[in-house]
>>> print(open('target.cif').read())   # mmCIF, C-alpha atoms and all ligand atoms
data_work
loop_
_atom_site.label_atom_id
_atom_site.label_comp_id
_atom_site.auth_asym_id
_atom_site.auth_seq_id
_atom_site.Cartn_x
_atom_site.Cartn_y
_atom_site.Cartn_z
CA MET U 1 -24.46 -9.27 -6.15
CA GLU U 2 -20.81 -8.52 -6.89
CA SER U 3 -19.91 -6.95 -10.26
CA TYR U 4 -17.71 -9.16 -12.42
CA ASN U 5 -17.13 -6.45 -14.99
CA SER U 6 -13.33 -6.29 -14.79
CA PHE U 7 -13.19 -2.59 -15.55
CA ASN U 8 -15.58 -1.88 -12.63
CA VAL U 9 -13.28 -4.02 -10.51
CA THR U 10 -10.16 -2.02 -11.46
CA GLN U 11 -12.01 1.23 -10.90
CA GLN U 12 -13.03 0.09 -7.41
CA GLN U 13 -9.40 -0.82 -6.68
CA VAL U 14 -8.10 2.54 -7.95
CA SER U 15 -10.78 4.52 -6.04
CA GLU U 16 -9.97 2.74 -2.79
CA ALA U 17 -6.23 3.41 -3.19
CA ALA U 18 -6.86 7.05 -4.18
CA ARG U 19 -9.05 7.57 -1.11
CA ILE U 20 -6.38 6.19 1.26
CA LEU U 21 -3.66 8.24 -0.49
CA LYS U 22 -5.95 11.30 -0.26
CA LEU U 23 -5.50 12.09 -3.97
CA ASP U 24 -7.43 15.09 -5.25
CA GLN U 25 -10.45 14.70 -7.52
CA ALA U 26 -8.63 15.47 -10.81
CA THR U 27 -5.79 13.01 -10.16
CA THR U 28 -8.25 10.28 -9.18
CA GLU U 29 -10.35 10.89 -12.31
CA LEU U 30 -7.22 10.77 -14.49
CA LEU U 31 -6.12 7.44 -13.01
CA LEU U 32 -9.58 5.88 -13.23
CA TRP U 33 -9.77 6.20 -17.02
CA PRO U 34 -7.56 5.19 -19.95
CA GLN U 35 -5.74 8.14 -21.50
CA ARG U 36 -6.37 6.82 -25.03
CA GLU U 37 -8.66 4.19 -26.50
CA TYR U 38 -8.62 2.99 -30.06
CA LYS U 39 -11.37 0.70 -31.36
CA PHE U 40 -11.24 -0.57 -34.93
CA VAL U 41 -12.33 -3.38 -37.22
CA LEU U 42 -10.12 -5.66 -39.28
CA PRO U 43 -11.48 -7.06 -42.54
CA VAL U 44 -9.47 -10.25 -43.12
CA ARG U 45 -9.71 -12.69 -46.04
CA MET U 46 -10.08 -16.23 -44.70
CA ASP U 47 -8.80 -19.48 -46.21
CA ASN U 48 -12.20 -20.10 -47.83
CA GLY U 49 -11.91 -16.85 -49.82
CA LYS U 50 -14.56 -14.99 -47.76
CA VAL U 51 -13.85 -11.88 -45.69
CA ASN U 52 -14.47 -11.91 -41.91
CA VAL U 53 -14.57 -8.67 -39.94
CA PHE U 54 -12.90 -8.79 -36.52
CA HIS U 55 -13.38 -6.19 -33.78
CA ALA U 56 -10.13 -5.00 -32.22
CA TYR U 57 -8.76 -2.62 -29.57
CA ARG U 58 -5.58 -0.94 -28.39
CA ILE U 59 -5.92 0.99 -25.16
CA GLN U 60 -3.20 3.09 -23.51
CA HIS U 61 -4.26 3.46 -19.91
CA ASN U 62 -1.47 5.70 -18.64
CA TYR U 63 1.87 6.84 -20.02
CA ALA U 64 3.07 9.26 -17.32
CA ARG U 65 6.01 7.02 -16.30
CA GLY U 66 6.99 5.92 -19.81
CA PRO U 67 5.64 4.36 -23.01
CA ALA U 68 2.45 2.31 -22.63
CA LYS U 69 3.29 -1.40 -22.31
CA GLY U 70 1.18 -4.52 -22.41
CA GLY U 71 0.07 -7.55 -24.34
CA ILE U 72 -2.39 -8.25 -27.14
CA ARG U 73 -4.97 -10.99 -26.56
CA PHE U 74 -6.80 -13.02 -29.19
CA HIS U 75 -9.97 -14.14 -27.43
CA PRO U 76 -13.64 -14.43 -28.48
CA ASP U 77 -14.95 -12.74 -25.30
CA GLU U 78 -12.92 -9.51 -25.49
CA THR U 79 -14.83 -6.27 -24.92
CA VAL U 80 -13.78 -2.67 -24.49
CA ASP U 81 -14.09 -3.16 -20.74
CA THR U 82 -11.89 -6.27 -20.50
CA ILE U 83 -9.16 -4.43 -22.41
CA ARG U 84 -9.59 -1.26 -20.33
CA ALA U 85 -9.21 -3.29 -17.15
CA LEU U 86 -6.16 -5.17 -18.39
CA ALA U 87 -4.55 -1.91 -19.59
CA SER U 88 -5.15 -0.34 -16.18
CA TRP U 89 -3.62 -3.33 -14.37
CA MET U 90 -0.51 -2.97 -16.59
CA THR U 91 -0.12 0.62 -15.36
CA TRP U 92 -0.04 -0.55 -11.73
CA LYS U 93 2.09 -3.60 -12.54
CA THR U 94 4.87 -1.64 -14.24
CA ALA U 95 4.78 0.91 -11.40
CA VAL U 96 4.93 -1.71 -8.60
CA VAL U 97 8.14 -3.19 -10.07
CA ASP U 98 9.35 0.35 -10.76
CA LEU U 99 9.85 0.08 -14.53
CA PRO U 100 10.00 3.31 -16.57
CA LEU U 101 6.85 2.26 -18.44
CA GLY U 102 3.13 2.93 -18.48
CA GLY U 103 0.28 0.50 -19.09
CA GLY U 104 -1.62 -0.59 -22.17
CA LYS U 105 -3.39 -3.60 -23.65
CA GLY U 106 -4.83 -4.73 -26.94
CA GLY U 107 -7.15 -7.40 -28.16
CA VAL U 108 -8.85 -8.96 -31.14
CA CYS U 109 -12.22 -10.71 -30.72
CA CYS U 110 -11.53 -14.01 -32.44
CA ASP U 111 -11.27 -17.69 -31.61
CA PRO U 112 -7.72 -18.83 -32.37
CA LYS U 113 -8.75 -22.45 -31.79
CA ILE U 114 -10.68 -22.44 -35.09
CA LEU U 115 -8.27 -20.28 -37.14
CA SER U 116 -5.52 -21.57 -39.41
CA GLU U 117 -1.90 -20.45 -39.10
CA TYR U 118 -2.30 -18.33 -42.23
CA GLU U 119 -5.48 -16.68 -40.90
CA LEU U 120 -3.72 -15.86 -37.59
CA GLU U 121 -0.86 -14.28 -39.54
CA SER U 122 -3.31 -12.21 -41.61
CA ILE U 123 -5.09 -10.98 -38.45
CA SER U 124 -1.75 -10.11 -36.79
CA ARG U 125 -0.55 -8.12 -39.80
CA ALA U 126 -3.92 -6.36 -40.22
CA TYR U 127 -3.82 -5.39 -36.54
CA VAL U 128 -0.43 -3.72 -36.93
CA ARG U 129 -1.48 -1.87 -40.10
CA ALA U 130 -4.33 -0.38 -38.04
CA VAL U 131 -2.20 0.67 -35.02
CA ALA U 132 1.17 1.46 -36.64
CA HIS U 133 0.70 5.19 -35.99
CA LEU U 134 0.09 4.55 -32.26
CA ILE U 135 2.91 2.16 -31.38
CA GLY U 136 6.73 2.33 -31.20
CA ILE U 137 9.48 1.84 -28.61
CA ASP U 138 8.93 5.38 -27.34
CA LYS U 139 5.10 5.30 -27.50
CA ASP U 140 3.49 1.94 -26.87
CA VAL U 141 5.06 -1.53 -26.95
CA PRO U 142 2.87 -4.64 -27.32
CA ALA U 143 3.74 -8.20 -26.24
CA PRO U 144 1.93 -11.54 -26.25
CA ASP U 145 -0.88 -12.41 -23.86
CA VAL U 146 -3.70 -14.98 -23.90
CA TYR U 147 -3.55 -17.03 -27.16
CA THR U 148 -0.74 -14.98 -28.73
CA ASN U 149 2.95 -15.92 -28.69
CA PRO U 150 6.44 -15.05 -30.05
CA GLN U 151 5.38 -16.04 -33.58
CA THR U 152 2.53 -13.49 -33.39
CA MET U 153 5.10 -10.86 -32.32
CA ALA U 154 7.41 -11.83 -35.19
CA TRP U 155 4.65 -11.25 -37.78
CA MET U 156 3.64 -8.01 -36.08
CA MET U 157 7.19 -6.66 -35.88
CA ASP U 158 7.79 -7.58 -39.52
CA GLU U 159 4.64 -5.76 -40.62
CA TYR U 160 5.64 -2.69 -38.61
CA GLU U 161 9.17 -2.66 -40.04
CA THR U 162 7.75 -3.04 -43.54
CA ILE U 163 5.51 0.00 -43.00
CA MET U 164 8.37 2.04 -41.47
CA ASN U 165 10.95 0.74 -43.97
CA ARG U 166 13.63 0.24 -41.29
CA HIS U 167 14.57 -2.10 -38.46
CA HIS U 168 12.69 -1.44 -35.26
CA PRO U 169 12.84 -4.58 -33.09
CA GLY U 170 11.93 -2.79 -29.86
CA VAL U 171 8.38 -2.17 -31.12
CA MET U 172 7.28 -5.59 -29.74
CA THR U 173 8.63 -7.76 -26.95
CA ASP U 174 8.75 -11.53 -26.41
CA LYS U 175 9.91 -11.96 -30.00
CA PRO U 176 11.85 -15.06 -31.06
CA GLN U 177 15.51 -14.66 -30.09
CA GLN U 178 16.73 -14.90 -33.68
CA ILE U 179 15.07 -11.56 -34.48
CA GLY U 180 15.74 -9.41 -31.43
CA GLY U 181 14.14 -11.36 -28.59
CA THR U 182 15.85 -11.84 -25.25
CA GLU U 183 17.02 -14.76 -23.18
CA GLY U 184 14.68 -15.68 -20.36
CA ARG U 185 11.45 -14.10 -21.63
CA ARG U 186 9.38 -17.25 -22.21
CA ASP U 187 9.37 -18.33 -18.58
CA ALA U 188 9.66 -14.82 -17.09
CA THR U 189 6.05 -14.44 -15.87
CA ALA U 190 6.17 -17.79 -14.09
CA ARG U 191 9.71 -17.19 -12.78
CA GLY U 192 8.66 -13.86 -11.27
CA GLY U 193 5.70 -15.57 -9.55
CA VAL U 194 7.84 -18.40 -8.18
CA ILE U 195 10.42 -15.88 -6.86
CA ALA U 196 7.57 -14.09 -5.04
CA VAL U 197 6.37 -17.45 -3.65
CA ARG U 198 9.90 -18.14 -2.39
CA GLU U 199 9.84 -14.87 -0.44
CA ALA U 200 6.29 -15.53 0.83
CA CYS U 201 7.22 -19.05 2.05
CA ARG U 202 10.12 -17.59 4.04
CA LEU U 203 7.98 -14.89 5.56
CA HIS U 204 4.98 -17.07 6.42
CA ASP U 205 6.87 -20.21 7.31
CA VAL U 206 5.33 -22.33 4.56
CA ASP U 207 7.21 -25.37 3.22
CA PRO U 208 8.04 -24.60 -0.45
CA ALA U 209 8.56 -28.32 -1.03
CA GLY U 210 4.95 -29.03 0.06
CA THR U 211 1.96 -29.27 -2.27
CA PHE U 212 0.74 -26.93 -5.00
CA ALA U 213 -2.08 -26.65 -7.55
CA ILE U 214 -2.36 -24.76 -10.81
CA GLN U 215 -5.57 -23.40 -12.34
CA GLY U 216 -4.93 -22.79 -16.08
CA PHE U 217 -2.22 -24.70 -17.91
CA GLY U 218 -1.13 -22.30 -20.66
CA ASN U 219 2.38 -20.87 -20.96
CA ALA U 220 2.48 -19.32 -17.47
CA GLY U 221 0.91 -22.33 -15.73
CA GLN U 222 3.20 -24.88 -17.40
CA ARG U 223 6.35 -22.88 -16.68
CA ALA U 224 5.29 -22.25 -13.08
CA ALA U 225 4.87 -25.99 -12.52
CA LEU U 226 8.41 -26.68 -13.76
CA LEU U 227 10.03 -23.68 -12.05
CA HIS U 228 8.29 -24.22 -8.71
CA GLN U 229 10.05 -27.58 -8.44
CA GLU U 230 13.33 -26.33 -9.89
CA LEU U 231 13.72 -23.12 -7.86
CA LEU U 232 12.06 -24.12 -4.60
CA GLY U 233 13.69 -27.51 -4.16
CA GLY U 234 10.75 -29.75 -4.95
CA GLY U 235 7.04 -29.53 -4.28
CA ARG U 236 4.24 -31.87 -5.36
CA LEU U 237 1.85 -30.65 -8.07
CA VAL U 238 -1.37 -32.37 -6.95
CA ALA U 239 -4.01 -30.71 -9.15
CA VAL U 240 -4.19 -28.89 -12.44
CA SER U 241 -6.93 -27.57 -14.72
CA ASP U 242 -7.24 -26.13 -18.22
CA SER U 243 -10.18 -24.81 -20.25
CA ARG U 244 -11.40 -28.38 -20.88
CA GLY U 245 -11.09 -30.12 -17.51
CA ALA U 246 -9.20 -30.74 -14.28
CA LEU U 247 -7.07 -33.55 -12.83
CA TYR U 248 -6.05 -34.61 -9.34
CA ASN U 249 -3.19 -36.84 -8.20
CA PRO U 250 -2.39 -36.78 -4.46
CA ASP U 251 1.04 -38.39 -5.08
CA GLY U 252 2.03 -35.54 -7.41
CA PHE U 253 2.21 -35.36 -11.21
CA ASN U 254 5.34 -35.93 -13.21
CA VAL U 255 5.39 -32.30 -14.37
CA LYS U 256 7.62 -32.79 -17.42
CA ASP U 257 5.38 -35.57 -18.74
CA LEU U 258 2.25 -33.49 -18.09
CA VAL U 259 3.68 -30.49 -19.97
CA THR U 260 4.73 -32.72 -22.88
CA HIS U 261 1.23 -34.24 -22.97
CA LYS U 262 -0.40 -30.79 -22.97
CA LEU U 263 1.87 -29.51 -25.74
CA ARG U 264 1.29 -32.64 -27.85
CA THR U 265 -2.50 -32.97 -27.45
CA GLY U 266 -3.51 -29.38 -26.63
CA THR U 267 -5.16 -30.46 -23.36
CA ILE U 268 -4.41 -32.15 -20.03
CA SER U 269 -7.39 -34.54 -20.45
CA ASP U 270 -6.52 -38.22 -20.84
CA PHE U 271 -3.25 -37.85 -18.94
CA PRO U 272 -2.74 -41.26 -17.28
CA ASP U 273 -2.79 -42.01 -13.52
CA ALA U 274 -4.96 -39.09 -12.50
CA LYS U 275 -8.50 -38.65 -11.24
CA SER U 276 -10.73 -36.30 -13.16
CA ILE U 277 -12.26 -33.60 -10.91
CA LYS U 278 -14.39 -30.49 -11.42
CA GLN U 279 -12.46 -27.37 -12.48
CA SER U 280 -13.85 -25.50 -9.46
CA GLU U 281 -12.34 -28.11 -7.10
CA VAL U 282 -8.80 -27.07 -8.02
CA LEU U 283 -9.36 -23.75 -6.24
CA ALA U 284 -10.67 -25.47 -3.11
CA LEU U 285 -7.90 -27.99 -2.38
CA ASP U 286 -5.87 -28.04 0.80
CA VAL U 287 -2.48 -27.13 -0.70
CA ASP U 288 0.41 -24.92 0.36
CA VAL U 289 0.43 -22.84 -2.81
CA LEU U 290 -2.33 -22.19 -5.37
CA TYR U 291 -1.46 -20.56 -8.68
CA PRO U 292 -4.50 -19.07 -10.50
CA ALA U 293 -3.10 -18.84 -14.04
CA ALA U 294 -6.22 -18.66 -16.21
CA LEU U 295 -8.49 -15.67 -16.81
CA GLU U 296 -10.18 -12.90 -14.80
CA ASN U 297 -12.77 -13.41 -12.04
CA SER U 298 -11.98 -16.99 -11.02
CA ILE U 299 -12.01 -16.42 -7.26
CA THR U 300 -15.19 -14.57 -6.38
CA GLU U 301 -17.24 -13.77 -3.29
CA ASP U 302 -19.11 -17.04 -3.91
CA ASN U 303 -16.16 -19.46 -3.84
CA ALA U 304 -13.44 -17.57 -1.88
CA ASN U 305 -14.52 -19.21 1.33
CA ASN U 306 -13.61 -22.63 -0.12
CA VAL U 307 -9.97 -21.64 -0.75
CA GLN U 308 -7.74 -23.59 1.64
CA ALA U 309 -4.32 -22.74 0.19
CA ARG U 310 -1.87 -20.91 2.44
CA ILE U 311 -0.43 -18.82 -0.39
CA VAL U 312 -2.27 -17.72 -3.55
CA CYS U 313 0.11 -16.56 -6.28
CA GLU U 314 -1.84 -14.79 -9.04
CA LEU U 315 -0.16 -15.45 -12.37
CA ALA U 316 -3.33 -14.50 -14.26
CA ASN U 317 -4.46 -10.90 -14.57
CA GLY U 318 -7.42 -10.08 -12.31
CA PRO U 319 -8.29 -13.60 -11.08
CA THR U 320 -9.72 -12.36 -7.76
CA THR U 321 -12.66 -9.98 -7.30
CA PRO U 322 -12.72 -7.29 -4.54
CA GLY U 323 -15.36 -9.23 -2.57
CA ALA U 324 -13.16 -12.34 -2.68
CA ASP U 325 -10.15 -10.30 -1.56
CA ARG U 326 -11.95 -9.37 1.65
CA VAL U 327 -12.91 -13.01 2.31
CA LEU U 328 -9.37 -14.31 1.69
CA HIS U 329 -7.89 -11.63 3.92
CA LYS U 330 -10.27 -12.57 6.74
CA LYS U 331 -9.35 -16.24 6.34
CA GLY U 332 -5.65 -15.40 6.63
CA VAL U 333 -4.75 -16.56 3.10
CA HIS U 334 -1.60 -14.81 1.91
CA VAL U 335 -2.37 -13.45 -1.58
CA ILE U 336 0.47 -12.36 -3.85
CA PRO U 337 -1.56 -10.00 -6.06
CA ASP U 338 -1.40 -10.19 -9.86
CA ILE U 339 0.27 -6.78 -10.30
CA LEU U 340 3.23 -8.18 -8.36
CA ALA U 341 3.03 -11.96 -8.94
CA SER U 342 2.72 -11.72 -12.73
CA ALA U 343 5.12 -8.79 -13.21
CA GLY U 344 8.05 -11.00 -14.27
CA GLY U 345 6.92 -11.04 -17.91
CA VAL U 346 6.80 -7.31 -18.38
CA THR U 347 10.01 -6.90 -16.40
CA VAL U 348 11.94 -9.08 -18.86
CA SER U 349 10.06 -7.33 -21.70
CA TYR U 350 11.62 -4.13 -20.42
CA PHE U 351 15.06 -5.80 -20.43
CA GLU U 352 14.32 -6.81 -24.05
CA MET U 353 13.52 -3.20 -25.01
CA VAL U 354 16.76 -2.03 -23.41
CA GLN U 355 18.80 -4.67 -25.26
CA ASP U 356 17.06 -3.96 -28.58
CA SER U 357 17.75 -0.27 -28.26
CA TYR U 358 21.51 -0.75 -28.16
CA SER U 359 21.61 -4.06 -30.02
CA PHE U 360 23.69 -5.84 -27.42
CA PHE U 361 22.29 -8.88 -25.64
CA TRP U 362 22.71 -10.09 -22.07
CA THR U 363 23.28 -13.65 -20.88
CA GLU U 364 20.44 -15.75 -19.50
CA GLU U 365 22.14 -15.70 -16.11
CA SER U 366 22.19 -11.94 -16.01
CA ILE U 367 18.49 -11.72 -17.03
CA HIS U 368 17.59 -14.11 -14.18
CA GLU U 369 19.64 -12.09 -11.67
CA HIS U 370 18.11 -8.76 -12.69
CA LEU U 371 14.61 -10.26 -12.62
CA ASP U 372 15.16 -11.78 -9.19
CA SER U 373 16.33 -8.51 -7.71
CA LYS U 374 13.40 -6.52 -9.22
CA ILE U 375 10.72 -8.96 -7.99
CA THR U 376 12.31 -9.49 -4.56
CA LYS U 377 12.53 -5.74 -4.03
CA ALA U 378 8.93 -5.18 -5.17
CA TYR U 379 7.73 -8.03 -2.93
CA HIS U 380 9.28 -6.42 0.15
CA THR U 381 8.10 -2.93 -0.80
CA VAL U 382 4.56 -4.33 -0.87
CA GLN U 383 5.13 -6.07 2.49
CA ASP U 384 6.23 -2.73 3.97
CA SER U 385 3.09 -1.13 2.59
CA ILE U 386 0.92 -3.91 4.16
CA LYS U 387 2.49 -3.23 7.57
CA GLU U 388 2.46 0.53 7.31
CA LYS U 389 -1.11 0.91 6.05
CA GLN U 390 -2.60 -2.22 7.68
CA VAL U 391 -4.37 -3.28 4.48
CA HIS U 392 -4.66 -6.51 2.46
CA PRO U 393 -1.87 -7.29 -0.05
CA ARG U 394 -3.66 -6.17 -3.22
CA LEU U 395 -4.56 -2.83 -1.74
CA ALA U 396 -1.01 -2.49 -0.42
CA ALA U 397 0.40 -3.13 -3.92
CA MET U 398 -2.12 -0.72 -5.45
CA LEU U 399 -1.05 1.95 -2.95
CA VAL U 400 2.57 1.58 -4.10
CA GLY U 401 1.65 1.67 -7.82
CA VAL U 402 -0.98 4.40 -7.66
CA ALA U 403 1.26 6.68 -5.55
CA ARG U 404 4.11 6.36 -8.08
CA VAL U 405 1.90 7.06 -11.10
CA ALA U 406 0.13 9.97 -9.35
CA GLU U 407 3.52 11.50 -8.57
CA ALA U 408 4.61 11.24 -12.23
CA CYS U 409 1.35 12.89 -13.36
CA LYS U 410 1.93 15.71 -10.86
CA LEU U 411 5.57 16.25 -11.86
CA ARG U 412 4.49 16.55 -15.49
CA GLY U 413 2.00 19.24 -14.48
CA TRP U 414 -1.00 17.19 -15.65
CA VAL U 415 -2.78 17.59 -12.34
N1 LIG Y 1 1.03 -10.03 -21.17
C1 LIG Y 1 1.95 -9.95 -20.07
C2 LIG Y 1 1.27 -9.32 -18.86
O1 LIG Y 1 0.09 -9.27 -18.75
C3 LIG Y 1 3.24 -9.26 -20.47
C4 LIG Y 1 3.11 -7.86 -20.92
C5 LIG Y 1 4.38 -7.28 -21.55
O2 LIG Y 1 5.42 -7.91 -21.53
O3 LIG Y 1 4.27 -6.17 -22.05
O4 LIG Y 1 1.93 -8.94 -17.94
#
>>> encode(input="target.cif", output="structure tokens")
Amino acid sequence: MESYNSFNVTQQQVSEAARILKLDQATTELLLWPQREYKFVLPVRMDNGKVNVFHAYRIQHNYARGPAKGGIRFHPDETVDTIRALASWMTWKTAVVDLPLGGGKGGVCCDPKILSEYELESISRAYVRAVAHLIGIDKDVPAPDVYTNPQTMAWMMDEYETIMNRHHPGVMTDKPQQIGGTEGRRDATARGGVIAVREACRLHDVDPAGTFAIQGFGNAGQRAALLHQELLGGGRLVAVSDSRGALYNPDGFNVKDLVTHKLRTGTISDFPDAKSIKQSEVLALDVDVLYPAALENSITEDNANNVQARIVCELANGPTTPGADRVLHKKGVHVIPDILASAGGVTVSYFEMVQDSYSFFWTEESIHEHLDSKITKAYHTVQDSIKEKQVHPRLAAMLVGVARVAEACKLRGWV
């Protein structure tokens, strides 16, 4: 039976890359484990006057190439191992797109769906009070992730600046633009994925104006639906799912109406003119492009054989297990792995850090151009690695990332 512990999965991926790269034992060991882990509890007074204690983490997986970088998730199922895995994937993601950053991740075990706005603010501020000594533009820079957003970053930055008693906007990215955020960050993860799909369609002769399906309809999924049609000259969104259900419409959804419905009601359910299907069916449809944009371990050894898409563009972190990777590769499905497909967000986060550090902001057009060139270059670097090493796309991307990080560790004299 395959392990679905995400940290085991990342360790398998790192070990395989290290073996092919012939890294020595010490370097491999260093890359397998986070450099720093911080686990803490947050006592927070709730609206009813009682105190709840939330378990929280900030993990810096590797900072050889630059400050640790990665989001903070608010999710009830967080564990030390989910955060370790996500921090590790950030290390490889920033390296694949060649950003001068390392990898990190944070999380609070809580259920934002049952928390008030004021309770979310209190948790966000308490989190920063606990990690203020660990973070900073030259140490570790958080961003949003699952169930956190620019408002969360605004509260967190404000708390940090209050503690430090000075302005310090570069401590968080994906902030609202009025307080140091950048143009083009909100749709950056999806835009990066769609740019990679554009390159993959060219290479594999797939019609970008064909059909596509999206699993997970949060920020990345919604933006991908809109951008796929905008940047690739059309395309029919025929199926979509979220945490509550899934819908199918062979004629294609009106994407703008679907996004408006989701934002208004919090779910895709009850959207008119669509057939309700099982969530698992979204992964098994005969479409040109499938975007997994939900959580880890969605495509496993058990369901990978059902995938019929020609291209799988992983906007989520860790949606495919190693067993599933082997099955998809055998079936000839072209996977654009998460550490490449979802790298648009952190790439524009890096542009935000640069702009914050000299307090001069770029135009939206220039952000889009820089993002396009970073993702296109990374896509082709990974293609070269696939050809050279004759391996599947995720392993090829890992080989690029792991080699770059290993080299930085060596140059520093760590190994
Ligand atoms: N949470 C996003 C990711 O997983 C963005 C991270 C960032 O911008 O630091 O890639």
>>> residues_near_ligand(input="target.cif", ligand="ligand LIG 1 (chain Y)", cutoff="8 Å", atoms="all atoms listed in the file", output="ChimeraX atom specification")
/U:69-72,86,90,93,141-146,173-174,189,316-317,342-350
>>> residues_around(input="target.cif", residues="Val333 in chain U", least_positions_apart="5", cutoff="12 Å", atoms="all atoms listed in the file", output="list of chain:residue names")
U:Ala200, U:His204, U:Val206, U:Asp286, U:Val287, U:Asp288, U:Val289, U:Leu290, U:Ala304, U:Asn305, U:Asn306, U:Val307, U:Gln308, U:Ala309, U:Arg310, U:Ile311, U:Val312, U:Cys313, U:Ala324, U:Asp325, U:Arg326, U:Val327, U:Leu328, U:His392, U:Pro393
>>> closest_residue(input="target.cif", among="U:Ala17, U:Val51, U:Met153, U:Ala68", to="Pro34 in chain U", atoms="only C-alpha atoms")
U:Ala68
>>> closest_residue(input="target.cif", among="U:Lys374, U:Lys278, U:Lys105, U:Lys113", to="Ala239 in chain U", atoms="all atoms listed in the file")
U:Lys278
>>> residues_around(input="target.cif", residues="His228 in chain U", least_positions_apart="5", cutoff="9 Å", atoms="only C-alpha atoms", output="count of residues only")
13
>>> closest_residue(input="target.cif", among="U:Asp47, U:Glu281, U:Glu199, U:Glu369", to="Ser241 in chain U", atoms="only C-alpha atoms")
U:Glu281
>>> residues_around(input="target.cif", residues="range 382-390 of chain U", least_positions_apart="5", cutoff="12 Å", atoms="all atoms listed in the file", output="JSON, numbers by chain")
{"U": [17, 20, 21, 93, 95, 96, 97, 98, 196, 199, 200, 203, 204, 329, 334, 335, 336, 337, 339, 340, 341, 375, 376, 377, 395, 396, 397, 398, 399, 400, 401, 403]}
>>> residues_around(input="target.cif", residues="Thr79 in chain U", least_positions_apart="5", cutoff="10 Å", atoms="all atoms listed in the file", output="list in words")
His55, Ala56, Tyr57, Arg84, Gly107, Val108 and Cys109 of chain U
>>> closest_residue(input="target.cif", among="U:Thr162, U:Glu314, U:Asn149, U:Glu296", to="Ile214 in chain U", atoms="only C-alpha atoms")
U:Glu314
>>> atom_distance(input="target.cif", atom1="CA of Gly49 in chain U", atom2="CA of Ala126 in chain U")
16.3 Å
>>> atom_distance(input="target.cif", atom1="CA of Glu16 in chain U", atom2="CA of Gly332 in chain U")
20.9 Å
>>> decode(input="target.cif", residues="range 232-246 of chain U", atoms="N, CA and C atoms", output="short mmCIF file (atom, residue, chain, number, x, y, z; two decimals), in the first residue's frame")
data_model
loop_
_atom_site.label_atom_id
_atom_site.label_comp_id
_atom_site.auth_asym_id
_atom_site.auth_seq_id
_atom_site.Cartn_x
_atom_site.Cartn_y
_atom_site.Cartn_z
N LEU U 232 -5.25 31.41 -23.73
CA LEU U 232 -5.06 30.34 -24.71
C LEU U 232 -6.10 30.39 -25.82
N GLY U 233 -6.83 31.47 -25.89
CA GLY U 233 -7.75 31.66 -27.01
C GLY U 233 -8.99 30.79 -26.94
N GLY U 234 -9.49 30.54 -25.78
CA GLY U 234 -10.75 29.79 -25.65
C GLY U 234 -10.59 28.59 -24.75
N GLY U 235 -11.27 27.52 -25.07
CA GLY U 235 -11.24 26.33 -24.22
C GLY U 235 -12.56 26.22 -23.48
N ARG U 236 -13.09 24.98 -23.39
CA ARG U 236 -14.36 24.74 -22.72
C ARG U 236 -14.12 24.11 -21.36
N LEU U 237 -14.54 24.78 -20.28
CA LEU U 237 -14.44 24.19 -18.95
C LEU U 237 -15.64 23.27 -18.78
N VAL U 238 -15.40 21.95 -18.79
CA VAL U 238 -16.53 21.01 -18.78
C VAL U 238 -16.82 20.41 -17.40
N ALA U 239 -15.87 20.50 -16.48
CA ALA U 239 -16.13 19.94 -15.15
C ALA U 239 -15.34 20.68 -14.09
N VAL U 240 -15.92 20.78 -12.92
CA VAL U 240 -15.27 21.50 -11.83
C VAL U 240 -15.72 20.89 -10.50
N SER U 241 -14.81 20.91 -9.51
CA SER U 241 -15.23 20.41 -8.19
C SER U 241 -14.73 21.36 -7.12
N ASP U 242 -15.37 21.33 -5.95
CA ASP U 242 -14.81 22.00 -4.77
C ASP U 242 -14.98 21.07 -3.58
N SER U 243 -14.74 21.55 -2.35
CA SER U 243 -14.75 20.62 -1.22
C SER U 243 -16.16 20.05 -0.96
N ARG U 244 -17.18 20.66 -1.57
CA ARG U 244 -18.55 20.17 -1.29
C ARG U 244 -19.19 19.36 -2.40
N GLY U 245 -18.66 19.43 -3.63
CA GLY U 245 -19.29 18.67 -4.71
C GLY U 245 -18.60 18.89 -6.04
N ALA U 246 -19.23 18.34 -7.10
CA ALA U 246 -18.63 18.47 -8.44
C ALA U 246 -19.74 18.62 -9.49
#
